[in-house]
Amino acid sequence: RRLTVTSAKAECSELSGALEGQIDFEGPYPWLDLRLDVTRFPLAKALDAVLGRMDETPGTLDLSLTPPQKLTFALQGTTSEPFLSAQGSVAGARVSLDCEGPQAPDVWLQLGLTQVLWDSQSRVPRAVVDVVNGAVEYGSLGLSASKLSGMLKLDGSALTGERLHAEVNGNPFVAELDYDLEAKRGTLTASGILAPIEDSALATAIHDTSLSGAVSVRGTAVVERDLWTVDADVDATQAQVDYDWWLRKPLGVGAMGTVHAVLKPGKSLQAAADMDVASSQIKATVTLGYSARQGRWTLRSSAARSDSLDVNGIAKCLRLPYRVTGGTGTGAEYAWERQSSPDKGWLSTAQCQFDEIVLLAEGAENPMRLKGAHVEVVRNHDSRTRGVVSLTAKDAEMPSLGSTWFVPIEPPDAADKGPRPSWSMHLAADNLKMPPWEGTDFLGEAAVDDQGSRLNCYGANVGDGRIDGSYELIKADQSFRTRAVWRDIPARFLLQHLGYPSVLFGKVTGEVEYEKKDNEDESVSGAGRFEVRDGEFSADFIFSQLKDQLEDDTASLPPSLSFSSLSASVQFERDRVVTPSLNLVSKGLKVEGSGEFKRKGNMDYDLRLAVSPDTALRIPALVENFNVQGHRMAQQDIVLSIKVTGPTWSPRGEVAQLPPARVMLVSGALEVTSEAIRVFDSPRRILMDLLKTWGGVLGGPK
């Protein structure tokens, strides 16, 4: 009732083996318990046949086995319900997959002991594979891994990898793998350090971008045939990231966060990052396209936004011709998009709201300080780069006119790359301080290009008045030209702008246009006019300039000299200043004049003073030399023509013409003698008495 097989051998050209076991006939059906040990079988042919049916393999798959190879079949159960199982093993094998094009990576694996199981009940193959070495290379992304090792397990269509190790650029990585052979979908979880990035193809794989240093990565990749999805935690603090010429995240500046990327092999890569960079929260997206013709990835678009931008931290990553400091930026947005061919057209926009930002242009002495500022930048490139900056602020402190405000935003070697970028600026501020000016509702249009920089127009309310103008700086010789028109502005601003002390008070209306050539202060030329109404002079300044010319004590002089109108026109050419007309109207006094002087040279002025009789009564020098009562009877002012000549630092005056003879006759002034005339040869007493009494006559303080 039991058949025992102790030794049975079978052998043919393709297969050989030994059979042993027993068959039990006691039951209704024979019970089988047999085992076949196959020592030679056509495994290679079988594998070739299987691999030949794998039409979707993205390349050439090659497999070579290392003997000894062993295969065992076991048969148990009745003849009506037999249970068949198979177990095979291979001492080693080498698997390689060489892909054509960038669609999939090239892979080779060196396998150790490989065991395979199968049974007729589950009909699911199971295997355990020991990976002792291997490499994966993804040329188009510049990714490669070597010294692969670990354990692979197959359970039906589920392939898992445990304790997988590899070296990426000499740095260890650990990973786990799950892959569904039927769905052709897998998940890879890995962590490690990519370094040094500059030694890999990844360093320059993206156009206009370079990487160096080290990046720590821990993430998961979901892999399908035509779609890879990656989610990772990234720490790039010890990496340097350069984009174009103006952005550099240096080593040591914090950069960590999460990255989500979708890769279509050989077609496109889209990545989104949520990062903390230099103490700023930044969300960014990048889209790359692969150019088979150029064999590289090319940036198609990028964008970033932040609701909390640390200005001082981000400034460390900007390679701009400005030193940037400040507070916090909100609503920050940046977008870049390629417009045409990979190396030509593109458009970028950026904007941000700052609570405070300070910009110091390269080569400038004084910075721009902005509070409550909104900055918007648009750059466009086709045959050359053009940019537009819109800058608005609640409060702005700008350098004085004639100083450097803006400089072109361009690479250091822009001169070697054709025409320089041209920039235009739209400027606005609710409150503006531009020494010595202070104004409100400032608006301006500026431009910077190869030729220099310009304020094509500007305007602001100053006090109760307004000023408008333009300014142009020629880069070649640092010469400039400017024009300004003002109406009812406080005189002190104009005097301070011209470098004079505050000797005149009142509201000024006028205009001026002048230019400076050859970068020399003495080369200024231009013309202008002005009028001051209801103003006053500071007598202290006047006397400080004339004290050496005055003979009397100045202690009793009034602190200010009021007038109703002061107007003048002026022309200047280098060191020569011409005043075609000068008019001063005050109560009891009128002054008309014209003349010219040279800076640090001589002056020649003709002055005509008309003093009312009532005012003359307060001036001892006139009372002593004129019959003032006679002038009152004739209802005639006392008119003197005075010639002022000599060095500007020590002028002298002489009476050039006496009052008309008819006035002398009517006033009884025939007694005028040569002694009186000698007094007029130096009209200091008249001037002194006039200054002493002017304040009292006009109702001002004495």
# chains A, B, ... in the order shown; residues from 1 in each chain; ligands from 1
>>> residues_around(residues="Gln270 in chain A", least_positions_apart="3", cutoff="10 Å", atoms="only C-alpha atoms", output="list of chain:residue names")
A:Thr229, A:His260, A:Ala261, A:Val262, A:Leu263, A:Lys264, A:Thr285, A:Val286, A:Thr287, A:Leu288, A:Gly289, A:Arg300, A:Ser301, A:Ser302
>>> residues_around(residues="Leu498 in chain A", least_positions_apart="5", cutoff="12 Å", atoms="only C-alpha atoms", output="list in words")
Ser400, Leu401, Pro435, Pro436, Trp437, Ala491, Arg492, Phe493 and Val512 of chain A
>>> residues_around(residues="range 579-585 of chain A", least_positions_apart="5", cutoff="8 Å", atoms="only C-alpha atoms", output="PyMOL selection string")
chain A and resi 563-571+590-596
>>> write_last_selection(atoms="N, CA, C and O atoms", output="PDB file, in the first residue's frame")
ATOM      1  N   PHE A 563      10.242 143.712   4.330  1.00  0.00           N
ATOM      2  CA  PHE A 563       9.981 144.345   3.039  1.00  0.00           C
ATOM      3  C   PHE A 563       8.709 143.725   2.468  1.00  0.00           C
ATOM      4  O   PHE A 563       8.288 142.633   2.856  1.00  0.00           O
ATOM      5  N   SER A 564       8.131 144.440   1.519  1.00  0.00           N
ATOM      6  CA  SER A 564       6.919 143.933   0.875  1.00  0.00           C
ATOM      7  C   SER A 564       7.228 143.171  -0.397  1.00  0.00           C
ATOM      8  O   SER A 564       6.486 142.265  -0.783  1.00  0.00           O
ATOM      9  N   SER A 565       8.327 143.515  -1.072  1.00  0.00           N
ATOM     10  CA  SER A 565       8.655 142.818  -2.320  1.00  0.00           C
ATOM     11  C   SER A 565      10.153 142.896  -2.576  1.00  0.00           C
ATOM     12  O   SER A 565      10.771 143.953  -2.398  1.00  0.00           O
ATOM     13  N   LEU A 566      10.711 141.769  -3.000  1.00  0.00           N
ATOM     14  CA  LEU A 566      12.108 141.697  -3.422  1.00  0.00           C
ATOM     15  C   LEU A 566      12.152 140.819  -4.665  1.00  0.00           C
ATOM     16  O   LEU A 566      11.711 139.668  -4.639  1.00  0.00           O
ATOM     17  N   SER A 567      12.640 141.333  -5.755  1.00  0.00           N
ATOM     18  CA  SER A 567      12.718 140.557  -6.991  1.00  0.00           C
ATOM     19  C   SER A 567      14.058 140.793  -7.655  1.00  0.00           C
ATOM     20  O   SER A 567      14.685 141.847  -7.484  1.00  0.00           O
ATOM     21  N   ALA A 568      14.483 139.801  -8.405  1.00  0.00           N
ATOM     22  CA  ALA A 568      15.769 139.908  -9.089  1.00  0.00           C
ATOM     23  C   ALA A 568      15.805 138.916 -10.228  1.00  0.00           C
ATOM     24  O   ALA A 568      15.118 137.889 -10.220  1.00  0.00           O
ATOM     25  N   SER A 569      16.598 139.217 -11.226  1.00  0.00           N
ATOM     26  CA  SER A 569      16.953 138.267 -12.276  1.00  0.00           C
ATOM     27  C   SER A 569      18.459 138.090 -12.226  1.00  0.00           C
ATOM     28  O   SER A 569      19.194 139.005 -11.838  1.00  0.00           O
ATOM     29  N   VAL A 570      18.917 136.927 -12.611  1.00  0.00           N
ATOM     30  CA  VAL A 570      20.345 136.632 -12.469  1.00  0.00           C
ATOM     31  C   VAL A 570      20.792 135.755 -13.634  1.00  0.00           C
ATOM     32  O   VAL A 570      20.036 134.918 -14.142  1.00  0.00           O
ATOM     33  N   GLN A 571      22.005 135.998 -14.061  1.00  0.00           N
ATOM     34  CA  GLN A 571      22.652 135.185 -15.081  1.00  0.00           C
ATOM     35  C   GLN A 571      24.046 134.842 -14.577  1.00  0.00           C
ATOM     36  O   GLN A 571      24.712 135.695 -13.978  1.00  0.00           O
ATOM     37  N   LYS A 590      12.806 152.247  -1.355  1.00  0.00           N
ATOM     38  CA  LYS A 590      12.856 151.486  -2.588  1.00  0.00           C
ATOM     39  C   LYS A 590      14.297 151.404  -3.052  1.00  0.00           C
ATOM     40  O   LYS A 590      15.021 152.406  -2.994  1.00  0.00           O
ATOM     41  N   VAL A 591      14.691 150.226  -3.483  1.00  0.00           N
ATOM     42  CA  VAL A 591      16.047 150.029  -3.978  1.00  0.00           C
ATOM     43  C   VAL A 591      15.958 149.373  -5.347  1.00  0.00           C
ATOM     44  O   VAL A 591      15.256 148.373  -5.520  1.00  0.00           O
ATOM     45  N   GLU A 592      16.649 149.966  -6.324  1.00  0.00           N
ATOM     46  CA  GLU A 592      16.784 149.372  -7.647  1.00  0.00           C
ATOM     47  C   GLU A 592      18.268 149.221  -7.925  1.00  0.00           C
ATOM     48  O   GLU A 592      19.073 150.062  -7.521  1.00  0.00           O
ATOM     49  N   GLY A 593      18.616 148.148  -8.603  1.00  0.00           N
ATOM     50  CA  GLY A 593      20.030 147.957  -8.869  1.00  0.00           C
ATOM     51  C   GLY A 593      20.284 147.016 -10.019  1.00  0.00           C
ATOM     52  O   GLY A 593      19.402 146.294 -10.476  1.00  0.00           O
ATOM     53  N   SER A 594      21.524 147.022 -10.464  1.00  0.00           N
ATOM     54  CA  SER A 594      22.003 146.094 -11.480  1.00  0.00           C
ATOM     55  C   SER A 594      23.517 146.066 -11.392  1.00  0.00           C
ATOM     56  O   SER A 594      24.145 146.993 -10.865  1.00  0.00           O
ATOM     57  N   GLY A 595      24.092 144.998 -11.906  1.00  0.00           N
ATOM     58  CA  GLY A 595      25.540 144.902 -11.862  1.00  0.00           C
ATOM     59  C   GLY A 595      25.996 143.475 -12.010  1.00  0.00           C
ATOM     60  O   GLY A 595      25.245 142.600 -12.446  1.00  0.00           O
ATOM     61  N   GLU A 596      27.248 143.257 -11.631  1.00  0.00           N
ATOM     62  CA  GLU A 596      27.816 141.929 -11.744  1.00  0.00           C
ATOM     63  C   GLU A 596      28.976 141.790 -10.776  1.00  0.00           C
ATOM     64  O   GLU A 596      29.500 142.780 -10.247  1.00  0.00           O
TER      65      GLU A 596
END
>>> residues_around(residues="Pro28 in chain A", least_positions_apart="3", cutoff="10 Å", atoms="only C-alpha atoms", output="number ranges by chain")
A: 25, 31, 78
>>> residues_around(residues="Gly535 in chain A", least_positions_apart="4", cutoff="6 Å", atoms="only C-alpha atoms", output="list in words")
Phe505, Gly506, Ser562 and Phe563 of chain A
>>> atom_distance(atom1="CA of Phe354 in chain A", atom2="CA of Val462 in chain A")
25.8 Å
>>> residues_around(residues="Arg632 in chain A", least_positions_apart="3", cutoff="10 Å", atoms="only C-alpha atoms", output="list in words")
Ser612, Pro613, Asp614, Ala616, Asn627, Val628, Gln629, Gln635, Gln636, Asp637, Ile638 and Ser667 of chain A
>>> write_last_selection(atoms="C-alpha atoms", output="short mmCIF file (atom, residue, chain, number, x, y, z; two decimals), in the first residue's frame")
data_model
loop_
_atom_site.label_atom_id
_atom_site.label_comp_id
_atom_site.auth_asym_id
_atom_site.auth_seq_id
_atom_site.Cartn_x
_atom_site.Cartn_y
_atom_site.Cartn_z
CA SER A 612 10.69 158.71 1.74
CA PRO A 613 11.00 161.95 3.77
CA ASP A 614 9.26 160.37 6.76
CA ALA A 616 14.68 160.02 6.15
CA ASN A 627 16.52 169.53 4.03
CA VAL A 628 14.19 166.64 4.68
CA GLN A 629 11.30 169.01 5.36
CA GLN A 635 6.48 165.34 -1.95
CA GLN A 636 9.67 163.87 -3.32
CA ASP A 637 11.73 160.94 -2.07
CA ILE A 638 15.38 161.44 -1.36
CA SER A 667 13.80 172.16 -0.40
#
>>> residues_around(residues="Leu473 in chain A", least_positions_apart="6", cutoff="12 Å", atoms="only C-alpha atoms", output="ChimeraX atom specification")
/A:401-407,446-456,479-482,515-519
>>> atom_distance(atom1="CA of Met633 in chain A", atom2="CA of Gly588 in chain A")
16.0 Å
>>> atom_distance(atom1="CA of Gly326 in chain A", atom2="CA of Cys352 in chain A")
12.9 Å
>>> closest_residue(among="A:Pro490, A:Gly150, A:Pro82, A:Gly21", to="Leu504 in chain A", atoms="only C-alpha atoms")
A:Pro490
>>> select_by_dssp(residues="range 158-279 of chain A", states="helix (DSSP H, G or I)", output="number ranges by chain")
A: 197-199, 201-204
>>> closest_atom_pairs(of="range 233-290 of chain A", to="range 308-313 of chain A", cutoff="8 Å", atoms="only C-alpha atoms", output="tab-separated table")
residue	atom	partner	partner_atom	distance
A:Ala278	CA	A:Gly313	CA	4.8
A:Ser279	CA	A:Asp310	CA	6.1
A:Ser280	CA	A:Leu309	CA	4.7
A:Gln281	CA	A:Ser308	CA	5.8
A:Ile282	CA	A:Leu309	CA	7.8
>>> closest_residue(among="A:Val241, A:Val639, A:Ala183, A:Ile206", to="Trp297 in chain A", atoms="only C-alpha atoms")
A:Ile206
